[in-house]
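Asker: First, the structure itself, so that you have it in front of you.
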Amino acid sequence: MVQTMKQKTLRRAIIAAVLMTVPLLGVAGLEAVITGIDGKVEVRLSEGGEWTPAETGQSVPTGATISTSFQSTAEITIGESRLEVEALTRMRIDELIEESDTDRTDLHLQVGRVDAEVRSSENRDTEFRVSSPIAVAAVRGTDFSFDGANLEVSDGIVSLSNRYNETVSVGGGESSTTTGTEPPATPAEQSESSTRVTVSTDDEGEEETTAPSGPSTGGLTINWEFDTGR
Amino acid sequence: MRHLTHIPTVAGRRAVSFRPRTVVPLLVAVFTATVVATAPAQEATWSGTLDGTGSGRFADHLEEDDLSSSLTAALTGRGFAEIGTDSTIEMVVRPSYTWTDDRPYLLDLERMYTDVQVPQIVGPASVLRLRAGRFRLAAPDPGLFNDTLDGVNASVSAAGVRVRAGAGYSGLILNPVSNIRVSPADVADGADDDELFGPQRIMAFGELSVPEVALRQTVRLYGIGQWDLRDAEEGETTIDSYYGGAAVDGPIIPGLFHSVGATISYADAEDTDSLGILSRAQLRYFRSDWNSSRLALRGVVASGLGGDTDQFAGISEQTVGTVAELPRENIAYGELSYGLRPLAGAPTRTLRDIQTSLTGRMMFRMDTDRPVDALGASQTSSGALLGTEAVAQVGWRATSDLGVSVDGGAFFPADGSSGSFTDQRATEYLLRLQVSASF
């Protein structure tokens, strides 16, 4: 049967619409919800937008920025994960995606400190990433990275990368740091420097050094749990 | 910047003016100064340090107590500039003045180097780090050398692999400062006050490092060469030496880290050659919640002349033991140390930055047919034990600009049939005070 040009065009349009719809069926948005506020916490929904007081139960969309004031904190729940936004922190939510088998969260820490408890459900991967202007840290096994100057891990394994993608894995009870341009300290180096006191005041005078100070752009603590019981 | 054009001088000697062999560091300084001066973004800082050390050795076999002290004043200047989009250049200059008991003064140029960092050199996730000039250059096995040299060090990180290569020349380092001691001629020159500079040797190395290749273990492979540039004089010999080695380090369980490695040496002299080995293993356990505790167990074996191997040929002069200071060849030792910060929970950093540590060490001869090269060595005993040593240290970083430490220790030499010393070598004690301040 010979198809007319109009029939061909209509058929292609239907196929294209179906193909465009299929991926959307497997991708939904994770939701970030403010579940606790202590002190003055503000939210800006977009760059250049107005700062408004945050409210408990408020949903924070992608592109929004959260700001905490002096002696103020906020708790944010993203899926199974929980974030404690410490005082004097400004953090932007860059990505919240729930794919068919992966929850993907991408946060940008402009300044301050965040404590995170990253959890994943059974049979699902979690890609949890926090970035700062100088480094990248990521939960291992999910191909995603996280930027920050100082990293402390309570449990699990997180990778910390600098600007040049030089990476170290940081396990539970370990820590690392990077200036952004130097390779991140290995956990052994970091443990050595944090347990030893350097007497020499010459920066290069001794091999053992005190804990690297790093830039003051903030740090991140990740508590990683994998719950297989649910 | 006048100090840049002055090569250090030793008291009582003629000042060293410009010579052809001063051209390299001079060119580095001129080049860097030009780049820093013309770069769009730049900053410069300076600082100073004062470091004092006083120590005393006490033992019955010493004719008199061995007391010594030194004071070093140094200025450090830094210039930093961005070049291009994300590349940087930094220059560091550090002249120093040292006063000691036996030398009225020593004017030295401790550091004068340029750092260049160029990202995306061989791909988007890569970086080249280059350092050239005078600086402390550490071999892939720091047990070989970790000394101030004039040279270059370059590293490239890309695709999960790090490659490092470097080379240095020791012939422009002042003799009292140089620690390069390969041949008997080096040792003799080191004790000769008429020698202005250290041994003229070139060191070069290459290293391939694969971080976290499996189970978070990092593997390193390296090769090192060292060449004597001097002609052998009557009764002397020149020694070139070559090294190859491998090391693995990484975590075992949370808080526990290991490091194992071995370096094989091949020394080539005019009339003989030798094959030696230096191997080491270390375990370190850290518990920050136990007052920042650090427990370390370490073992090192440096081959001697017996068995299937020859004497391990090092490059820098290395000694074993804080008090004993025995030569690091034909020796095996085990060491256990524990340190903590007793006031780790204090509210102020001034109190938190107090550290105490204890170290115990046992040392053995590998080849018992050869007496140890030390005072009071037995010429007849076949005992392997050299002795034991205990050292205690208290360090305090009172402020960011002031640090103080006190070390005290004792070496108990082993004599009799199981020991390597005669009873002429008595127990030796060391007490040392160090103070460091900056401004």
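Chains: A, B, ... in order of the structure tokens. Residues: from 1 per chain. Ligands: from 1, in order shown.
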Report as a PyMOL selection string the set of chain A residues whose atoms approach chain B to within 12 Å, with distances computed over only C-alpha atoms.
Answerer: chain A and resi 140+152-159+161-175+180-207+209-211+213
Asker: Let's have the selection written as a compact mmCIF listing (two decimals), in the first residue's frame, with C-alpha atoms.
Answerer:
# COMPACT_ATOMS: atom_id res chain seq x y z
CA ARG A 140 31.82 4.62 45.67
CA GLU A 152 35.18 12.59 56.92
CA VAL A 153 33.49 9.26 56.45
CA SER A 154 31.72 7.45 59.24
CA ASP A 155 30.89 4.30 57.33
CA GLY A 156 31.15 2.96 53.80
CA ILE A 157 33.48 4.30 51.12
CA VAL A 158 33.46 7.73 49.51
CA SER A 159 35.83 8.93 46.83
CA SER A 161 38.66 14.07 43.85
CA ASN A 162 40.37 17.36 43.18
CA ARG A 163 39.99 19.59 40.14
CA TYR A 164 42.15 17.28 38.04
CA ASN A 165 40.24 14.14 38.97
CA GLU A 166 43.03 12.79 41.14
CA THR A 167 41.06 10.59 43.47
CA VAL A 168 41.42 8.75 46.76
CA SER A 169 38.95 6.41 48.39
CA VAL A 170 38.05 7.25 51.95
CA GLY A 171 36.65 4.49 54.10
CA GLY A 172 34.68 4.45 57.31
CA GLY A 173 36.46 6.19 60.14
CA GLU A 174 38.89 7.81 57.71
CA SER A 175 39.25 11.32 56.39
CA GLY A 180 41.73 21.56 44.92
CA THR A 181 45.02 21.56 43.03
CA GLU A 182 47.10 19.16 45.10
CA PRO A 183 46.21 15.46 45.12
CA PRO A 184 43.82 14.60 47.95
CA ALA A 185 45.62 13.23 50.97
CA THR A 186 45.43 9.47 51.30
CA PRO A 187 43.66 8.34 54.48
CA ALA A 188 47.02 7.13 55.84
CA GLU A 189 48.63 10.53 55.19
CA GLN A 190 45.68 12.32 56.70
CA SER A 191 45.71 10.10 59.79
CA GLU A 192 49.43 10.64 60.16
CA SER A 193 49.13 14.40 59.94
CA SER A 194 46.14 14.61 62.25
CA THR A 195 47.73 12.53 65.01
CA ARG A 196 51.18 14.10 64.91
CA VAL A 197 52.17 17.48 66.20
CA THR A 198 54.71 19.30 64.09
CA VAL A 199 57.17 21.34 66.06
CA SER A 200 58.90 23.02 63.13
CA THR A 201 57.30 26.25 62.01
CA ASP A 202 58.94 25.93 58.59
CA ASP A 203 56.27 24.64 56.20
CA GLU A 204 58.71 22.39 54.39
CA GLY A 205 61.05 21.77 57.28
CA GLU A 206 59.61 18.44 58.33
CA GLU A 207 57.93 15.67 56.49
CA THR A 209 52.88 18.16 59.07
CA THR A 210 49.84 19.14 61.00
CA ALA A 211 46.48 18.66 59.42
CA SER A 213 44.17 23.67 56.72
Asker: With only C-alpha atoms as the counted atoms, please give the residues lying no more than 9 Å from stretch 314-331 of chain B, apart from itself and same-chain residues fewer than 3 positions off, as a PyMOL selection string.
Answerer: chain B and resi 57+143-147+178-183+203+226+241+265+278+300-306+310-311+361+363-368+370+372-374+386-391+408-413+428-430
Asker: Out of stretch 312-400 of chain B, which residues get strand (DSSP E or B) from DSSP, as a PyMOL selection string?
Answerer: chain B and resi 316+319-320+326-327+331-340+354-365+377+385-399
Asker: Now that the selection is made, can you save its residues with C-alpha atoms as a CSV table (one decimal), in the first residue's frame?
Answerer:
chain,number,residue,atom,x,y,z
B,316,SER,CA,72.6,9.6,51.5
B,319,THR,CA,71.9,6.0,60.4
B,320,VAL,CA,69.7,3.8,62.5
B,326,LEU,CA,74.5,3.1,63.7
B,327,PRO,CA,75.3,2.9,60.0
B,331,ILE,CA,71.5,-4.3,59.9
B,332,ALA,CA,68.0,-5.4,60.7
B,333,TYR,CA,65.8,-3.6,63.2
B,334,GLY,CA,62.3,-3.7,64.6
B,335,GLU,CA,60.6,-0.6,66.1
B,336,LEU,CA,57.4,-0.2,68.0
B,337,SER,CA,56.2,3.3,68.8
B,338,TYR,CA,53.1,4.7,70.4
B,339,GLY,CA,52.0,8.4,70.5
B,340,LEU,CA,49.0,10.3,71.7
B,354,ILE,CA,50.7,18.6,72.8
B,355,GLN,CA,51.9,15.1,71.8
B,356,THR,CA,53.8,12.5,73.8
B,357,SER,CA,55.4,9.4,72.2
B,358,LEU,CA,57.5,6.4,73.2
B,359,THR,CA,59.6,4.3,70.9
B,360,GLY,CA,61.4,1.0,71.5
B,361,ARG,CA,63.9,-0.4,69.0
B,362,MET,CA,65.9,-3.5,68.7
B,363,MET,CA,68.8,-3.8,66.2
B,364,PHE,CA,70.7,-6.8,64.8
B,365,ARG,CA,73.6,-7.5,62.6
B,377,ALA,CA,82.4,-2.9,68.3
B,385,LEU,CA,72.2,-8.3,68.7
B,386,LEU,CA,73.5,-4.8,68.4
B,387,GLY,CA,71.4,-3.4,71.2
B,388,THR,CA,68.1,-1.9,72.2
B,389,GLU,CA,67.0,1.7,72.4
B,390,ALA,CA,64.2,3.6,74.1
B,391,VAL,CA,63.2,7.1,73.3
B,392,ALA,CA,60.6,9.4,74.7
B,393,GLN,CA,59.4,12.6,73.2
B,394,VAL,CA,57.2,15.5,74.1
B,395,GLY,CA,56.2,17.9,71.4
B,396,TRP,CA,54.2,21.1,71.8
B,397,ARG,CA,53.0,23.4,69.1
B,398,ALA,CA,52.1,26.2,71.5
B,399,THR,CA,51.0,28.5,68.7
Asker: Compare A:Thr35, A:Thr177, A:Leu30, A:Glu86 by their minimum atom-to-atom distance to A:Ala135, counting only C-alpha atoms, and give me the closest one.
Answerer: A:Thr177
Asker: Have a look at atom CA of A:Ser59 and atom CA of A:Ile134 and let me know their distance in Å, one decimal.
Answerer: 28.4 Å
Asker: Give me the residues within 8 Å of B:Gly77 as a JSON list (two decimals) with N, CA and C atoms, in the first residue's frame, counting only C-alpha atoms and dropping any in the same chain fewer than 5 places off.
Answerer:
[["chain", "number", "residue", "atom", "x", "y", "z"],
["B", 44, "ALA", "N", 52.87, 38.10, 46.37],
["B", 44, "ALA", "CA", 54.16, 37.78, 46.96],
["B", 44, "ALA", "C", 54.03, 37.83, 48.48],
["B", 45, "THR", "N", 54.65, 36.88, 49.14],
["B", 45, "THR", "CA", 54.65, 36.85, 50.59],
["B", 45, "THR", "C", 56.05, 36.53, 51.08],
["B", 46, "TRP", "N", 56.29, 36.82, 52.33],
["B", 46, "TRP", "CA", 57.56, 36.45, 52.92],
["B", 46, "TRP", "C", 57.34, 36.06, 54.38],
["B", 47, "SER", "N", 58.26, 35.30, 54.92],
["B", 47, "SER", "CA", 58.18, 34.90, 56.32],
["B", 47, "SER", "C", 59.58, 34.57, 56.80],
["B", 91, "MET", "N", 57.36, 30.76, 42.88],
["B", 91, "MET", "CA", 58.80, 30.73, 43.15],
["B", 91, "MET", "C", 59.04, 30.85, 44.64],
["B", 92, "VAL", "N", 59.98, 30.08, 45.13],
["B", 92, "VAL", "CA", 60.32, 30.09, 46.55],
["B", 92, "VAL", "C", 61.82, 30.28, 46.70],
["B", 93, "VAL", "N", 62.20, 31.21, 47.56],
["B", 93, "VAL", "CA", 63.62, 31.45, 47.86],
["B", 93, "VAL", "C", 63.79, 31.43, 49.36],
["B", 94, "ARG", "N", 64.79, 30.71, 49.84],
["B", 94, "ARG", "CA", 64.98, 30.62, 51.29],
["B", 94, "ARG", "C", 66.48, 30.61, 51.62]]
Asker: In Å, rounded to a single decimal, give me how far atom CA of B:Ala204 is from atom CA of B:Ala138.
Answerer: 10.7 Å
Asker: Suppose you want the space between atom CA of A:Asp115 and atom CA of B:Leu343; what is it in Å?
Answerer: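 Answer for the atom CA of A:Asp115 to atom CA of B:Leu343 separation: 25.9 Å.
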Asker: Show me, as a list in words, the residues that have an atom within 9 Å of stretch 51-53 of chain A when counting only C-alpha atoms, minus same-chain residues fewer than 2 positions from it.
Answerer: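 Non-adjacent residues within range: Lys40, Val41, Glu42, Val43, Arg44, Leu45, Gly49, Glu55 and Ser67 of chain A.
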Asker: Which residues, written as a VMD selection string, have at least one atom at most 7 Å from B:Arg432, with only C-alpha atoms counted and residues fewer than 6 positions away on the same chain left out?
Answerer: chain B and resid 54 to 56 406 to 408
Asker: Compile the contact shell of A:Ser46 as a list in words: residues with an atom at most 9 Å away, counting only C-alpha atoms, same-chain residues fewer than 2 positions apart removed.
Answerer: Arg44, Gly48, Gly49, Glu50, Thr62, Gly63, Ala64 and Thr65 of chain A
Asker: Next, write the just-selected residues to a file, as a PDB file, in the first residue's frame, keeping N, CA and C atoms as the atom set.
Answerer:
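File written: selection31.pdb
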ATOM      1  N   ARG A  44      16.093  30.258  48.393  1.00  0.00           N
ATOM      2  CA  ARG A  44      15.942  31.036  47.161  1.00  0.00           C
ATOM      3  C   ARG A  44      15.688  30.034  46.041  1.00  0.00           C
ATOM      4  N   GLY A  48      19.118  34.766  41.534  1.00  0.00           N
ATOM      5  CA  GLY A  48      18.559  36.107  41.387  1.00  0.00           C
ATOM      6  C   GLY A  48      17.178  36.263  41.989  1.00  0.00           C
ATOM      7  N   GLY A  49      16.617  35.159  42.514  1.00  0.00           N
ATOM      8  CA  GLY A  49      15.286  35.232  43.095  1.00  0.00           C
ATOM      9  C   GLY A  49      15.311  35.829  44.498  1.00  0.00           C
ATOM     10  N   GLU A  50      14.135  35.913  45.078  1.00  0.00           N
ATOM     11  CA  GLU A  50      14.005  36.477  46.423  1.00  0.00           C
ATOM     12  C   GLU A  50      14.327  35.416  47.472  1.00  0.00           C
ATOM     13  N   THR A  62      14.883  21.544  42.377  1.00  0.00           N
ATOM     14  CA  THR A  62      16.178  21.666  41.730  1.00  0.00           C
ATOM     15  C   THR A  62      16.426  23.122  41.352  1.00  0.00           C
ATOM     16  N   GLY A  63      17.624  23.591  41.586  1.00  0.00           N
ATOM     17  CA  GLY A  63      17.979  24.972  41.289  1.00  0.00           C
ATOM     18  C   GLY A  63      17.840  25.893  42.476  1.00  0.00           C
ATOM     19  N   ALA A  64      17.190  25.419  43.526  1.00  0.00           N
ATOM     20  CA  ALA A  64      17.001  26.257  44.714  1.00  0.00           C
ATOM     21  C   ALA A  64      18.265  26.249  45.574  1.00  0.00           C
ATOM     22  N   THR A  65      18.435  27.317  46.348  1.00  0.00           N
ATOM     23  CA  THR A  65      19.578  27.438  47.248  1.00  0.00           C
ATOM     24  C   THR A  65      19.078  27.615  48.667  1.00  0.00           C
TER      25      THR A  65
END
Asker: Just checking: using only C-alpha atoms, which residue out of B:Leu106, B:Leu137, B:Leu283, B:Leu221 ends up closest to B:Glu207?
Answerer: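 Closest candidate: B:Leu221.
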Asker: I'd like to know which of B:Leu107, B:Ala165, B:Val260, B:Val177 is closest to B:Pro95, using only C-alpha atoms.
Answerer: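 Comparing B:Leu107, B:Ala165, B:Val260, B:Val177 against B:Pro95, the winner is B:Leu107.
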Asker: Once DSSP has gone over the backbone, tell me which residues of stretch 135-199 of chain B are in helix (DSSP H, G or I), as a PyMOL selection string.
Answerer: chain B and resi 184-190
Asker: Just the selected residues (C-alpha atoms), exported as a PDB file, in the first residue's frame, please.
Answerer:
ATOM      1  CA  PRO B 184      84.899   6.324  51.138  1.00  0.00           C
ATOM      2  CA  ALA B 185      86.082   9.377  49.201  1.00  0.00           C
ATOM      3  CA  ASP B 186      82.728  11.056  49.918  1.00  0.00           C
ATOM      4  CA  VAL B 187      83.136  10.387  53.606  1.00  0.00           C
ATOM      5  CA  ALA B 188      86.686  11.712  53.581  1.00  0.00           C
ATOM      6  CA  ASP B 189      85.664  14.839  51.674  1.00  0.00           C
ATOM      7  CA  GLY B 190      82.772  15.359  54.053  1.00  0.00           C
TER       8      GLY B 190
END
